[in-house]
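Data from query.txt: compact mmCIF, C-alpha atoms (C1' of nucleotides)
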```txt
# COMPACT_ATOMS: atom_id res chain seq x y z
CA MET H 11 -26.04 -74.20 -215.99
CA ASP H 12 -26.15 -74.15 -212.20
CA ALA H 13 -28.17 -71.16 -211.09
CA ARG H 14 -26.96 -71.41 -207.52
CA ARG H 15 -23.37 -71.14 -208.63
CA LEU H 16 -24.20 -68.17 -210.79
CA ASP H 17 -25.78 -66.47 -207.80
CA ASP H 18 -22.61 -66.65 -205.76
CA LEU H 19 -20.50 -65.77 -208.75
CA PHE H 20 -22.30 -62.59 -209.74
CA ALA H 21 -22.80 -61.57 -206.14
CA ALA H 22 -19.07 -61.90 -205.56
CA LEU H 23 -18.31 -59.87 -208.65
CA GLY H 24 -20.92 -57.31 -207.65
CA ASP H 25 -18.77 -55.64 -205.04
CA PRO H 26 -16.23 -53.18 -206.46
CA GLY H 27 -13.72 -54.00 -203.76
CA ARG H 28 -13.93 -57.71 -204.44
CA ARG H 29 -13.64 -57.20 -208.18
CA SER H 30 -10.59 -55.07 -207.58
CA LEU H 31 -9.13 -57.86 -205.48
CA VAL H 32 -9.62 -60.32 -208.31
CA GLU H 33 -7.88 -57.92 -210.68
CA THR H 34 -4.92 -57.55 -208.34
CA VAL H 35 -4.59 -61.26 -207.76
CA ALA H 36 -4.81 -61.82 -211.50
CA ALA H 37 -2.10 -59.23 -212.12
CA ARG H 38 0.23 -60.66 -209.48
CA GLY H 39 -0.39 -64.26 -210.35
CA ASP H 40 -1.07 -65.07 -206.72
CA ALA H 41 -1.21 -63.27 -203.38
CA THR H 42 -1.98 -63.64 -199.70
CA ALA H 43 -4.45 -61.68 -197.58
CA THR H 44 -1.76 -59.75 -195.74
CA GLU H 45 0.02 -58.84 -198.94
CA LEU H 46 -3.16 -57.44 -200.44
CA ALA H 47 -4.18 -55.66 -197.27
CA ALA H 48 -0.81 -53.88 -197.16
CA ASP H 49 -1.81 -51.77 -200.18
CA LEU H 50 -5.36 -51.16 -199.01
CA PRO H 51 -6.93 -48.93 -196.38
CA VAL H 52 -8.60 -51.89 -194.70
CA THR H 53 -7.53 -54.56 -192.26
CA ARG H 54 -6.23 -57.99 -193.13
CA GLN H 55 -9.39 -59.66 -191.81
CA ALA H 56 -11.57 -57.63 -194.14
CA VAL H 57 -9.52 -58.77 -197.11
CA ALA H 58 -9.50 -62.34 -195.84
CA LYS H 59 -13.30 -62.33 -195.67
CA GLN H 60 -13.58 -61.12 -199.24
CA LEU H 61 -11.05 -63.68 -200.40
CA THR H 62 -12.96 -66.54 -198.80
CA ALA H 63 -16.14 -65.22 -200.40
CA LEU H 64 -14.41 -65.20 -203.77
CA ALA H 65 -13.08 -68.68 -203.12
CA ASP H 66 -16.57 -69.90 -202.21
CA ALA H 67 -17.80 -68.46 -205.49
CA GLY H 68 -15.14 -70.51 -207.24
CA LEU H 69 -13.26 -67.51 -208.60
CA LEU H 70 -10.17 -68.04 -206.48
CA ARG H 71 -8.45 -71.11 -205.13
CA ALA H 72 -6.70 -71.13 -201.77
CA THR H 73 -3.52 -73.12 -201.23
CA ARG H 74 -2.04 -73.23 -197.77
CA THR H 75 1.70 -73.84 -197.63
CA GLY H 76 3.27 -73.64 -194.23
CA ARG H 77 1.88 -70.66 -192.39
CA GLU H 78 0.62 -68.70 -195.36
CA THR H 79 -2.27 -69.29 -197.75
CA ARG H 80 -1.88 -68.06 -201.29
CA TYR H 81 -4.81 -67.32 -203.58
CA LYS H 82 -4.81 -67.58 -207.34
CA VAL H 83 -7.40 -67.09 -210.07
CA THR H 84 -9.50 -69.97 -211.37
CA PRO H 85 -11.20 -68.52 -214.43
CA GLY H 86 -13.48 -71.49 -215.10
CA PRO H 87 -16.58 -69.92 -213.50
CA LEU H 88 -16.14 -66.83 -215.64
CA GLU H 89 -17.11 -68.92 -218.62
CA ASP H 90 -20.42 -69.74 -216.98
CA ALA H 91 -21.06 -66.06 -216.43
CA VAL H 92 -20.20 -65.27 -220.02
CA ALA H 93 -22.49 -68.06 -221.16
CA TRP H 94 -25.36 -66.61 -219.15
CA MET H 95 -24.87 -63.17 -220.62
CA VAL H 96 -24.71 -64.53 -224.11
CA ALA H 97 -27.86 -66.55 -223.51
CA VAL H 98 -29.73 -63.47 -222.33
CA GLY H 99 -28.43 -60.90 -224.77
CA ALA H 100 -27.73 -62.80 -227.97
CA ARG H 101 -31.23 -62.21 -229.29
CA TRP H 102 -30.78 -58.45 -229.25
CA ASP H 103 -27.14 -58.03 -229.97
CA GLU H 104 -25.33 -59.41 -232.98
CA ARG H 105 -21.91 -59.17 -231.38
CA LEU H 106 -23.05 -61.19 -228.36
CA ALA H 107 -24.63 -63.72 -230.70
CA ALA H 108 -21.34 -64.03 -232.57
CA LEU H 109 -19.58 -64.47 -229.26
CA GLY H 110 -22.04 -67.20 -228.39
CA ARG H 111 -21.27 -69.04 -231.61
CA SER H 112 -17.57 -68.70 -230.89
CA LEU H 113 -18.15 -70.07 -227.40
CA GLU H 114 -20.18 -72.96 -228.73
CA ARG H 115 -17.53 -73.85 -231.27
CA ARG H 116 -14.89 -74.13 -228.54
CA ARG H 117 -16.85 -76.46 -226.34
CA MET Z 25 -13.60 -49.37 -219.88
CA ASP Z 26 -15.65 -47.35 -217.42
CA ALA Z 27 -15.17 -48.82 -213.96
CA ARG Z 28 -18.11 -46.93 -212.54
CA ARG Z 29 -20.45 -48.41 -215.09
CA LEU Z 30 -19.09 -51.88 -214.37
CA ASP Z 31 -19.81 -51.37 -210.69
CA ASP Z 32 -23.48 -50.70 -211.29
CA LEU Z 33 -23.67 -53.43 -213.87
CA PHE Z 34 -22.22 -56.23 -211.78
CA ALA Z 35 -24.02 -55.06 -208.68
CA ALA Z 36 -27.30 -55.16 -210.58
CA LEU Z 37 -26.55 -58.63 -211.87
CA GLY Z 38 -25.44 -59.72 -208.41
CA ASP Z 39 -28.93 -60.07 -207.01
CA PRO Z 40 -30.63 -63.33 -207.98
CA GLY Z 41 -34.03 -61.67 -208.07
CA ARG Z 42 -32.83 -58.98 -210.40
CA ARG Z 43 -31.09 -61.45 -212.68
CA SER Z 44 -34.27 -63.48 -212.80
CA LEU Z 45 -36.14 -60.33 -213.79
CA VAL Z 46 -33.73 -59.74 -216.65
CA GLU Z 47 -34.27 -63.31 -217.82
CA THR Z 48 -38.03 -62.93 -217.74
CA VAL Z 49 -37.99 -59.63 -219.57
CA ALA Z 50 -35.64 -61.15 -222.12
CA ALA Z 51 -37.94 -64.13 -222.59
CA ARG Z 52 -41.07 -61.99 -222.97
CA GLY Z 53 -39.45 -59.37 -225.13
CA ASP Z 54 -40.76 -56.64 -222.88
CA ALA Z 55 -42.81 -56.29 -219.71
CA THR Z 56 -44.17 -53.86 -217.13
CA ALA Z 57 -43.66 -53.86 -213.38
CA THR Z 58 -47.21 -54.96 -212.63
CA GLU Z 59 -47.05 -57.78 -215.14
CA LEU Z 60 -43.87 -59.12 -213.59
CA ALA Z 61 -45.11 -58.68 -210.04
CA ALA Z 62 -48.19 -60.74 -210.85
CA ASP Z 63 -46.07 -63.89 -211.09
CA LEU Z 64 -43.94 -63.08 -208.07
CA PRO Z 65 -44.49 -63.20 -204.31
CA VAL Z 66 -43.55 -59.53 -203.94
CA THR Z 67 -45.31 -56.23 -204.42
CA ARG Z 68 -45.27 -54.14 -207.55
CA GLN Z 69 -43.16 -51.45 -205.91
CA ALA Z 70 -40.46 -53.94 -205.09
CA VAL Z 71 -40.29 -55.00 -208.72
CA ALA Z 72 -40.41 -51.40 -209.88
CA LYS Z 73 -37.42 -50.57 -207.69
CA GLN Z 74 -35.42 -53.44 -209.14
CA LEU Z 75 -36.39 -52.45 -212.66
CA THR Z 76 -35.22 -48.87 -212.15
CA ALA Z 77 -31.98 -50.21 -210.69
CA LEU Z 78 -31.51 -52.37 -213.78
CA ALA Z 79 -32.35 -49.42 -215.99
CA ASP Z 80 -29.81 -47.25 -214.16
CA ALA Z 81 -27.23 -49.95 -214.78
CA GLY Z 82 -28.07 -49.73 -218.46
CA LEU Z 83 -29.37 -53.27 -218.73
CA LEU Z 84 -32.98 -52.30 -219.38
CA ARG Z 85 -34.60 -49.39 -221.12
CA ALA Z 86 -37.89 -47.90 -219.95
CA THR Z 87 -40.44 -46.59 -222.42
CA ARG Z 88 -43.57 -44.95 -221.10
CA THR Z 89 -46.57 -45.11 -223.38
CA GLY Z 90 -49.79 -43.79 -221.98
CA ARG Z 91 -50.21 -44.98 -218.42
CA GLU Z 92 -47.83 -47.92 -218.57
CA THR Z 93 -44.04 -48.13 -218.79
CA ARG Z 94 -42.60 -51.09 -220.62
CA TYR Z 95 -39.07 -52.37 -220.08
CA LYS Z 96 -36.96 -54.18 -222.61
CA VAL Z 97 -33.41 -55.54 -222.65
CA THR Z 98 -30.47 -53.47 -223.87
CA PRO Z 99 -27.63 -55.97 -224.04
CA GLY Z 100 -24.90 -53.48 -224.85
CA PRO Z 101 -23.49 -53.29 -221.29
CA LEU Z 102 -23.17 -57.06 -221.19
CA GLU Z 103 -20.34 -56.74 -223.66
CA ASP Z 104 -18.42 -54.59 -221.19
CA ALA Z 105 -18.87 -57.24 -218.53
CA VAL Z 106 -17.70 -59.96 -220.89
CA ALA Z 107 -14.70 -57.83 -221.82
CA TRP Z 108 -13.77 -57.45 -218.16
CA MET Z 109 -13.99 -61.18 -217.54
CA VAL Z 110 -11.91 -61.93 -220.58
CA ALA Z 111 -9.32 -59.40 -219.49
CA VAL Z 112 -9.04 -61.02 -216.09
CA GLY Z 113 -9.19 -64.67 -217.03
CA ALA Z 114 -7.63 -64.92 -220.46
CA ARG Z 115 -4.19 -65.55 -219.05
CA TRP Z 116 -5.29 -68.72 -217.30
CA ASP Z 117 -7.94 -70.07 -219.61
CA GLU Z 118 -7.49 -70.80 -223.27
CA ARG Z 119 -11.19 -70.66 -224.05
CA LEU Z 120 -11.50 -67.21 -222.50
CA ALA Z 121 -8.42 -66.12 -224.42
CA ALA Z 122 -9.98 -67.34 -227.63
CA LEU Z 123 -13.14 -65.46 -226.71
CA GLY Z 124 -11.04 -62.37 -226.18
CA ARG Z 125 -9.53 -62.66 -229.62
CA SER Z 126 -12.98 -63.12 -231.08
CA LEU Z 127 -14.16 -60.06 -229.19
CA GLU Z 128 -11.21 -58.03 -230.37
CA ARG Z 129 -11.82 -59.01 -233.96
CA ARG Z 130 -15.40 -57.78 -233.79
CA ARG Z 131 -14.59 -54.35 -232.45
C1' DA L 5 -67.84 -37.02 -214.94
C1' DC L 6 -66.65 -41.07 -212.41
C1' DT L 7 -64.18 -45.17 -211.58
C1' DA L 8 -60.50 -48.25 -212.22
C1' DT L 9 -55.88 -48.82 -213.65
C1' DA L 10 -50.88 -48.04 -213.66
C1' DC L 11 -47.37 -45.53 -212.09
C1' DG L 12 -43.91 -42.82 -209.04
C1' DC L 13 -42.38 -40.90 -204.63
C1' DA L 14 -41.51 -41.04 -199.68
C1' DA L 15 -41.06 -42.97 -195.06
C1' DC L 16 -40.38 -46.99 -192.40
C1' DT L 17 -38.67 -51.68 -191.03
C1' DG L 18 -35.92 -55.83 -190.83
C1' DA L 19 -32.25 -58.39 -192.66
C1' DA L 20 -27.84 -58.76 -194.88
C1' DT L 21 -23.18 -57.27 -195.14
C1' DG L 22 -18.59 -54.88 -194.95
C1' DG L 23 -15.63 -53.53 -191.60
C1' DT L 24 -13.50 -53.50 -186.98
C1' DT L 25 -11.35 -55.39 -182.65
C1' DG L 26 -9.85 -59.20 -179.86
C1' DC L 27 -8.29 -63.68 -179.33
C1' DG L 28 -6.15 -68.31 -179.91
C1' DC L 29 -3.56 -71.61 -182.74
C1' DG L 30 -0.11 -73.31 -185.88
C1' DT L 31 4.46 -72.23 -188.20
C1' DC L 32 8.99 -70.31 -189.09
C1' DC L 33 13.46 -68.59 -187.30
C1' DG L 34 16.97 -66.76 -184.04
C1' DC P 17 12.88 -72.66 -176.29
C1' DG P 18 10.78 -68.30 -177.15
C1' DG P 19 9.30 -64.57 -179.86
C1' DA P 20 7.42 -63.06 -184.17
C1' DC P 21 4.63 -63.91 -188.11
C1' DG P 22 0.46 -65.38 -190.52
C1' DC P 23 -3.90 -67.05 -190.33
C1' DG P 24 -8.81 -68.19 -188.88
C1' DC P 25 -12.77 -67.67 -185.76
C1' DA P 26 -16.15 -64.96 -183.14
C1' DA P 27 -18.50 -60.98 -181.42
C1' DC P 28 -19.82 -56.52 -182.40
C1' DC P 29 -21.02 -52.04 -184.93
C1' DA P 30 -22.53 -49.20 -188.79
C1' DT P 31 -24.27 -48.94 -193.12
C1' DT P 32 -26.83 -50.52 -196.91
C1' DC P 33 -30.66 -52.37 -199.10
C1' DA P 34 -34.80 -55.10 -200.34
C1' DG P 35 -39.37 -55.04 -199.27
C1' DT P 36 -43.66 -53.00 -197.39
C1' DT P 37 -47.24 -49.52 -196.68
C1' DG P 38 -49.33 -45.24 -197.77
C1' DC P 39 -50.31 -41.56 -200.74
C1' DG P 40 -50.65 -38.52 -204.78
C1' DT P 41 -51.02 -38.19 -209.88
C1' DA P 42 -51.96 -39.18 -214.59
C1' DT P 43 -54.24 -42.04 -218.12
C1' DA P 44 -57.97 -45.23 -219.97
C1' DG P 45 -62.51 -46.85 -220.17
C1' DT P 46 -67.61 -46.56 -219.29
```
Mind turning the file's structure into structure tokens?
Amino acid sequence: MDARRLDDLFAALGDPGRRSLVETVAARGDATATELAADLPVTRQAVAKQLTALADAGLLRATRTGRETRYKVTPGPLEDAVAWMVAVGARWDERLAALGRSLERRR
Amino acid sequence: MDARRLDDLFAALGDPGRRSLVETVAARGDATATELAADLPVTRQAVAKQLTALADAGLLRATRTGRETRYKVTPGPLEDAVAWMVAVGARWDERLAALGRSLERRR
DNA sequence: ACTATACGCAACTGAATGGTTGCGCGTCCG
DNA sequence: CGGACGCGCAACCATTCAGTTGCGTATAGT
């Protein structure tokens, strides 16, 4: 488990605004910075910054086609985060332990 | 799912130092601020602040006995975080979807 | 009783960060 | 070709926050 990657991942998820962005992108399937900014009280650049941060964390993937760059969800890193939580909490929580076994089985 | 609680939770987990603290407490079973600060290049107050932040997020529970307050892990909130990740990523990742089904079954 | 220990609270400082504005560059379309 | 659209980069500002120092208080041990 790469600790450095987990750092970026959790830090990215730590901000409510960024987490909300991930939710919206997930709901839409994909989206651009300007599209997302249209429904938010912030500028496009602010959203773009957050999106690049999320992309750096591995949560989103940017694909530039023509003059627009679309972002979509790449849920792989979420598994690492889940794995960390299970590793920490399994000892004290039976449901997390069960989840850990389920995760292990699927590997 | 309480969004407010998730905010505190992810924000608490977002800091590498704090996450490391959770790991150490989990490994020891329980610990005090001074104990943890002894192995770290920071002061006790710094650690104490982080511990109270983690306690506010619901990840740790403080128990004062005599003149010392011991912290231990309360993994319940981690399930909420896992649930959020599953909700976001299940559509794009079969393993997360499977995890979601497993989580649902256990409810 | 006296000292050492362990803690919490408050004020301060420096760094990180979210947001803004301004600008320049590539891309689509009339 | 020329204007509009979409994006990224850079500088700047305000806020937040982690960490420190200092102090007061309660508990444990001698």
TODO: May I have the residues of chain Z within 8 Å of chain H, counting all atoms listed in the file, written as a PyMOL selection string?
DONE: chain Z and resi 31-40+46-47+50+97-100+102-103+106+109+112-114+116-117+119-120+123+126-127+130
With the cut-off set at 12 Å and counting only C-alpha atoms (C1' of nucleotides), tabulate each residue of chain H with an atom at most that distance from an atom of chain L, showing the nearest atom pair and its distance in Å to one decimal, ordered by chain and increasing number, as JSON lines.
```
{"residue": "H:Ala21", "atom": "CA", "partner": "L:DT21", "partner_atom": "C1'", "distance": 11.8}
{"residue": "H:Asp25", "atom": "CA", "partner": "L:DG22", "partner_atom": "C1'", "distance": 10.1}
{"residue": "H:Pro26", "atom": "CA", "partner": "L:DG22", "partner_atom": "C1'", "distance": 11.9}
{"residue": "H:Gly27", "atom": "CA", "partner": "L:DG22", "partner_atom": "C1'", "distance": 10.1}
{"residue": "H:Arg28", "atom": "CA", "partner": "L:DG22", "partner_atom": "C1'", "distance": 10.9}
{"residue": "H:Pro51", "atom": "CA", "partner": "L:DG23", "partner_atom": "C1'", "distance": 10.9}
{"residue": "H:Val52", "atom": "CA", "partner": "L:DG23", "partner_atom": "C1'", "distance": 7.9}
{"residue": "H:Thr53", "atom": "CA", "partner": "L:DT24", "partner_atom": "C1'", "distance": 8.0}
{"residue": "H:Arg54", "atom": "CA", "partner": "L:DG23", "partner_atom": "C1'", "distance": 10.5}
{"residue": "H:Gln55", "atom": "CA", "partner": "L:DG23", "partner_atom": "C1'", "distance": 8.7}
{"residue": "H:Ala56", "atom": "CA", "partner": "L:DG23", "partner_atom": "C1'", "distance": 6.3}
{"residue": "H:Val57", "atom": "CA", "partner": "L:DG23", "partner_atom": "C1'", "distance": 9.8}
{"residue": "H:Ala58", "atom": "CA", "partner": "L:DG23", "partner_atom": "C1'", "distance": 11.5}
{"residue": "H:Lys59", "atom": "CA", "partner": "L:DG22", "partner_atom": "C1'", "distance": 9.2}
{"residue": "H:Gln60", "atom": "CA", "partner": "L:DG22", "partner_atom": "C1'", "distance": 9.1}
{"residue": "H:Ala63", "atom": "CA", "partner": "L:DT21", "partner_atom": "C1'", "distance": 11.9}
{"residue": "H:Arg74", "atom": "CA", "partner": "L:DT31", "partner_atom": "C1'", "distance": 11.6}
{"residue": "H:Thr75", "atom": "CA", "partner": "L:DT31", "partner_atom": "C1'", "distance": 10.0}
{"residue": "H:Gly76", "atom": "CA", "partner": "L:DT31", "partner_atom": "C1'", "distance": 6.3}
{"residue": "H:Arg77", "atom": "CA", "partner": "L:DT31", "partner_atom": "C1'", "distance": 5.2}
{"residue": "H:Glu78", "atom": "CA", "partner": "L:DT31", "partner_atom": "C1'", "distance": 8.9}
```
Kindly export the residues of the current selection with C-alpha atoms, as an mmCIF file, in the coordinates of the input.
```cif
data_model
loop_
_atom_site.group_PDB
_atom_site.id
_atom_site.type_symbol
_atom_site.label_atom_id
_atom_site.label_comp_id
_atom_site.auth_asym_id
_atom_site.auth_seq_id
_atom_site.Cartn_x
_atom_site.Cartn_y
_atom_site.Cartn_z
ATOM 1 C CA ALA H 21 -22.800 -61.570 -206.140
ATOM 2 C CA ASP H 25 -18.770 -55.640 -205.040
ATOM 3 C CA PRO H 26 -16.230 -53.180 -206.460
ATOM 4 C CA GLY H 27 -13.720 -54.000 -203.760
ATOM 5 C CA ARG H 28 -13.930 -57.710 -204.440
ATOM 6 C CA PRO H 51 -6.930 -48.930 -196.380
ATOM 7 C CA VAL H 52 -8.600 -51.890 -194.700
ATOM 8 C CA THR H 53 -7.530 -54.560 -192.260
ATOM 9 C CA ARG H 54 -6.230 -57.990 -193.130
ATOM 10 C CA GLN H 55 -9.390 -59.660 -191.810
ATOM 11 C CA ALA H 56 -11.570 -57.630 -194.140
ATOM 12 C CA VAL H 57 -9.520 -58.770 -197.110
ATOM 13 C CA ALA H 58 -9.500 -62.340 -195.840
ATOM 14 C CA LYS H 59 -13.300 -62.330 -195.670
ATOM 15 C CA GLN H 60 -13.580 -61.120 -199.240
ATOM 16 C CA ALA H 63 -16.140 -65.220 -200.400
ATOM 17 C CA ARG H 74 -2.040 -73.230 -197.770
ATOM 18 C CA THR H 75 1.700 -73.840 -197.630
ATOM 19 C CA GLY H 76 3.270 -73.640 -194.230
ATOM 20 C CA ARG H 77 1.880 -70.660 -192.390
ATOM 21 C CA GLU H 78 0.620 -68.700 -195.360
#
```
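Atom pair atom CA of Z:Tyr95 / atom C1' of P:DG45: separated by 24.1 Å.
For the atom pair formed by atom C1' of P:DG40 and atom CA of Z:Arg85, the distance is 25.4 Å, given to one decimal.
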Task: Among the residues Z:Ala86, Z:Ala55, Z:Arg125, Z:Thr93, the one that comes closest to chain P [using only C-alpha atoms (C1' of nucleotides)] - done: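 For chain P, the nearest of the candidates is Z:Thr93.
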Task: Nearest-residue call for chain Z, choices P:DA42, P:DG19, P:DC29, P:DG24, using only C-alpha atoms (C1' of nucleotides) - done: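 The answer is P:DA42, which sits nearest to chain Z.
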Task: Counting all atoms listed in the file, chain P residues within 12 Å of chain H, as an MDAnalysis selection string - done: chainID P and resid 21:25
Task: atom CA of H:Gly68 to atom CA of H:Lys82, distance in Å rounded to a single decimal - done: 10.7 Å
